[in-house]
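> Before I ask anything, here is the structure I am working with.
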Amino acid sequence: MYATLLADARFHDLLLAVDRDLAEACRAEGCACGGRRHVARYARKPRGRPCRLGPEHDQRFSFCCAVDGCRSRATPPSLRFLGRRVYVASVVVLIAILRDGVSDARLERLRQIVSVDRRTIARWRRWWRDTFPATPFWRVARAAFLPPPDGAQLPAELIDRFAGDPQDRLVALLRFLGPIAGGVRMRAF
Ligand SMILES: [Zn+2]
């Protein structure tokens with residue numbers, strides 16, 4: 001069951017470990033100007049985490065070019081933060097998936113665990129239905145699937161495209177959505 005993952009600190013540690021790898025790749029790549037990338041993290045106060053996690057989970061990895069006059073910022077993809085949303089990515093994805101597939105009682109219990117109100121869930125649903133399918137990211141990325149998903153049942157129809165147990169699938173989906181975290185600008189929820 002996907003929902004139990006949200007309450008499992010080991011799952012969040014796994015997401016953090018993947019983010020660290022993505023950050024290290026971004027740092028090692030260096031700036032387009034040839035400069036080195038220095039750590040310039042963002043402090044975040046993400047909401048919707050149903051278990052206690054250490055302060056290292058509150059930081060978004062980011063880098064700044066060391067060269068005076070360049071100082072370009074680079075923010076690597078993330079499995080934990082989806083765009084500028086204040087809720088952790090796995091919650092935004094899972095609630096939207098479960099909304100269609102579980103009983104009202106189960107959704108209600110989950111909603112209380114992660115302290116998300118109904119209006120927020122309604123906003124996320126609209127985002128998945130109207131905003132996300134119109135992003136340049138989705139228009140390119142959907143072609144990676146055969147056949148391409150039609151986008152009518154996002155994100156539920158995406159998670160079915162990945163193999164493995166619930167954790168593998170959710171991690172694969174978050175990894176797929178990772179570029180949104182760094183690249184596409186979207187309004188915060
Ligand atoms: Zn630079």
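Following the order of the structure tokens, first chain is A, next is B, and so on, with residues numbered from 1 inside each chain and ligands from 1 in the order they appear.
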Write as a list in words the residues around ligand 1, taking 7 Å as the cut-off and counting only C-alpha atoms and all ligand atoms.
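Using only C-alpha atoms and all ligand atoms, everything at most 7 Å from ligand 1 comes to Cys31, Ala32, Cys33, Gly34, Gly35, Cys65, Ala66, Val67, Cys70, Arg71 and Ser72 of chain A.
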> I'd like the neighbourhood of Phe137 in chain A as a list in words, where a residue qualifies if any of its atoms comes within 9 Å (using only C-alpha atoms), though same-chain residues fewer than 2 positions away should be ignored.
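Returned residues: Phe132, Pro133, Ala134, Thr135, Arg139, Val140, Ala141, Arg142, Leu177, Pro179, Ile180, Gly183 and Val184 of chain A.
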> For Val18 in chain A, which residue among A:Arg169, A:Arg85, A:Arg129, A:Arg80 is the nearest when counting only C-alpha atoms?
A:Arg80
> Quick one: everything within 9 Å of Val171 in chain A, counting only C-alpha atoms, minus sequence neighbours fewer than 4 positions away in the same chain. Send it as a PDB file with all heavy atoms, in the first residue's frame.

```pdb
ATOM      1  N   LEU A  14      15.525   7.272   1.754  1.00  0.00           N
ATOM      2  CA  LEU A  14      15.864   6.834   0.398  1.00  0.00           C
ATOM      3  C   LEU A  14      15.747   8.000  -0.593  1.00  0.00           C
ATOM      4  O   LEU A  14      16.623   8.216  -1.434  1.00  0.00           O
ATOM      5  CB  LEU A  14      14.934   5.686  -0.025  1.00  0.00           C
ATOM      6  CG  LEU A  14      15.013   5.250  -1.479  1.00  0.00           C
ATOM      7  CD1 LEU A  14      16.380   4.645  -1.796  1.00  0.00           C
ATOM      8  CD2 LEU A  14      13.904   4.240  -1.812  1.00  0.00           C
ATOM      9  N   LEU A  15      14.665   8.777  -0.472  1.00  0.00           N
ATOM     10  CA  LEU A  15      14.491   9.927  -1.368  1.00  0.00           C
ATOM     11  C   LEU A  15      15.631  10.929  -1.177  1.00  0.00           C
ATOM     12  O   LEU A  15      16.156  11.489  -2.151  1.00  0.00           O
ATOM     13  CB  LEU A  15      13.146  10.617  -1.104  1.00  0.00           C
ATOM     14  CG  LEU A  15      11.880   9.788  -1.314  1.00  0.00           C
ATOM     15  CD1 LEU A  15      10.652  10.659  -1.086  1.00  0.00           C
ATOM     16  CD2 LEU A  15      11.834   9.171  -2.706  1.00  0.00           C
ATOM     17  N   LEU A  79      13.626  14.445  -5.830  1.00  0.00           N
ATOM     18  CA  LEU A  79      12.510  13.520  -5.597  1.00  0.00           C
ATOM     19  C   LEU A  79      11.690  13.951  -4.402  1.00  0.00           C
ATOM     20  O   LEU A  79      10.644  13.385  -4.112  1.00  0.00           O
ATOM     21  CB  LEU A  79      13.019  12.095  -5.366  1.00  0.00           C
ATOM     22  CG  LEU A  79      13.249  11.251  -6.623  1.00  0.00           C
ATOM     23  CD1 LEU A  79      14.311  11.861  -7.509  1.00  0.00           C
ATOM     24  CD2 LEU A  79      13.621   9.836  -6.259  1.00  0.00           C
ATOM     25  N   SER A  90       6.131  13.441  -2.589  1.00  0.00           N
ATOM     26  CA  SER A  90       5.458  12.151  -2.498  1.00  0.00           C
ATOM     27  C   SER A  90       4.012  12.297  -2.021  1.00  0.00           C
ATOM     28  O   SER A  90       3.141  11.524  -2.413  1.00  0.00           O
ATOM     29  CB  SER A  90       6.241  11.211  -1.577  1.00  0.00           C
ATOM     30  OG  SER A  90       6.619  11.856  -0.390  1.00  0.00           O
ATOM     31  N   PRO A 166       5.451  -1.261  -4.580  1.00  0.00           N
ATOM     32  CA  PRO A 166       4.964   0.119  -4.457  1.00  0.00           C
ATOM     33  C   PRO A 166       6.081   1.146  -4.273  1.00  0.00           C
ATOM     34  O   PRO A 166       6.047   2.232  -4.859  1.00  0.00           O
ATOM     35  CB  PRO A 166       4.041   0.052  -3.239  1.00  0.00           C
ATOM     36  CG  PRO A 166       3.522  -1.335  -3.241  1.00  0.00           C
ATOM     37  CD  PRO A 166       4.666  -2.192  -3.728  1.00  0.00           C
ATOM     38  N   GLN A 167       7.089   0.797  -3.450  1.00  0.00           N
ATOM     39  CA  GLN A 167       8.175   1.759  -3.240  1.00  0.00           C
ATOM     40  C   GLN A 167       8.959   2.009  -4.520  1.00  0.00           C
ATOM     41  O   GLN A 167       9.255   3.150  -4.863  1.00  0.00           O
ATOM     42  CB  GLN A 167       9.118   1.268  -2.141  1.00  0.00           C
ATOM     43  CG  GLN A 167      10.319   2.180  -1.953  1.00  0.00           C
ATOM     44  CD  GLN A 167      11.106   1.870  -0.693  1.00  0.00           C
ATOM     45  OE1 GLN A 167      10.585   1.878   0.415  1.00  0.00           O
ATOM     46  NE2 GLN A 167      12.378   1.586  -0.859  1.00  0.00           N
ATOM     47  N   ARG A 175      11.235  10.199  -9.598  1.00  0.00           N
ATOM     48  CA  ARG A 175      12.438  10.438 -10.393  1.00  0.00           C
ATOM     49  C   ARG A 175      12.061  11.015 -11.763  1.00  0.00           C
ATOM     50  O   ARG A 175      12.689  11.948 -12.261  1.00  0.00           O
ATOM     51  CB  ARG A 175      13.194   9.125 -10.570  1.00  0.00           C
ATOM     52  CG  ARG A 175      14.618   9.269 -11.015  1.00  0.00           C
ATOM     53  CD  ARG A 175      15.210   7.902 -11.271  1.00  0.00           C
ATOM     54  NE  ARG A 175      15.796   7.273 -10.101  1.00  0.00           N
ATOM     55  CZ  ARG A 175      17.033   7.549  -9.661  1.00  0.00           C
ATOM     56  NH1 ARG A 175      17.781   8.448 -10.259  1.00  0.00           N
ATOM     57  NH2 ARG A 175      17.518   6.932  -8.613  1.00  0.00           N
ATOM     58  N   PHE A 176      11.007  10.448 -12.339  1.00  0.00           N
ATOM     59  CA  PHE A 176      10.507  10.932 -13.621  1.00  0.00           C
ATOM     60  C   PHE A 176      10.071  12.397 -13.522  1.00  0.00           C
ATOM     61  O   PHE A 176      10.323  13.203 -14.421  1.00  0.00           O
ATOM     62  CB  PHE A 176       9.328  10.043 -14.067  1.00  0.00           C
ATOM     63  CG  PHE A 176       8.563  10.564 -15.247  1.00  0.00           C
ATOM     64  CD1 PHE A 176       9.063  10.433 -16.530  1.00  0.00           C
ATOM     65  CD2 PHE A 176       7.330  11.179 -15.067  1.00  0.00           C
ATOM     66  CE1 PHE A 176       8.347  10.919 -17.623  1.00  0.00           C
ATOM     67  CE2 PHE A 176       6.612  11.660 -16.144  1.00  0.00           C
ATOM     68  CZ  PHE A 176       7.119  11.529 -17.427  1.00  0.00           C
TER      69      PHE A 176
END
```
> Could you check which of A:Ala172, A:Val114, A:Leu98, A:Leu107 is closest to Ala156 in chain A, using only C-alpha atoms?
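Smallest distance to Ala156 in chain A is found for A:Leu98.
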> In range 45-169 of chain A, what's strand (DSSP E) per DSSP? Answer as a ChimeraX atom specification?
/A:59-60,63-65,73-74
> Kindly save the residues from that selection, with C-alpha atoms included, as an mmCIF file, in the first residue's frame.

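Here's the written file part_12.cif:
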```cif
data_model
loop_
_atom_site.group_PDB
_atom_site.id
_atom_site.type_symbol
_atom_site.label_atom_id
_atom_site.label_comp_id
_atom_site.auth_asym_id
_atom_site.auth_seq_id
_atom_site.Cartn_x
_atom_site.Cartn_y
_atom_site.Cartn_z
ATOM 1 C CA GLN A 59 17.173 21.484 2.819
ATOM 2 C CA ARG A 60 16.848 21.759 -0.902
ATOM 3 C CA PHE A 63 24.566 25.411 -6.194
ATOM 4 C CA CYS A 64 26.017 28.732 -7.162
ATOM 5 C CA CYS A 65 28.870 29.321 -9.624
ATOM 6 C CA ARG A 73 22.506 29.164 -9.783
ATOM 7 C CA ALA A 74 21.878 25.516 -10.548
#
```
> Let me make sure I understand: among A:Arg27, A:Arg111, A:Arg84, A:Arg36, which one has the smallest atom-to-atom distance to Gly48 in chain A if we use only C-alpha atoms?
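Once distances to Gly48 in chain A are computed over only C-alpha atoms, the minimum belongs to A:Arg111.
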> Excluding range 49-51 of chain A and any residue of its chain fewer than 6 positions from it, enumerate the residues within 8 Å of it, using only C-alpha atoms, and give them as JSON, numbers by chain.
{"A": [6, 7, 8, 9, 87, 88, 91, 113, 114]}
> Next, write the just-selected residues to a file, as an mmCIF file, in the first residue's frame, keeping C-alpha atoms as the atom set.

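Wrote selection13.cif, looks like this:
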```cif
data_model
loop_
_atom_site.group_PDB
_atom_site.id
_atom_site.type_symbol
_atom_site.label_atom_id
_atom_site.label_comp_id
_atom_site.auth_asym_id
_atom_site.auth_seq_id
_atom_site.Cartn_x
_atom_site.Cartn_y
_atom_site.Cartn_z
ATOM 1 C CA LEU A 6 4.636 8.097 3.613
ATOM 2 C CA ALA A 7 4.866 7.221 7.302
ATOM 3 C CA ASP A 8 8.103 5.275 6.883
ATOM 4 C CA ALA A 9 11.226 7.315 7.682
ATOM 5 C CA TYR A 87 4.166 19.945 0.446
ATOM 6 C CA VAL A 88 6.637 17.130 -0.099
ATOM 7 C CA VAL A 91 2.383 13.526 -0.724
ATOM 8 C CA ILE A 113 -2.264 11.921 8.804
ATOM 9 C CA VAL A 114 -0.621 14.408 6.467
#
```
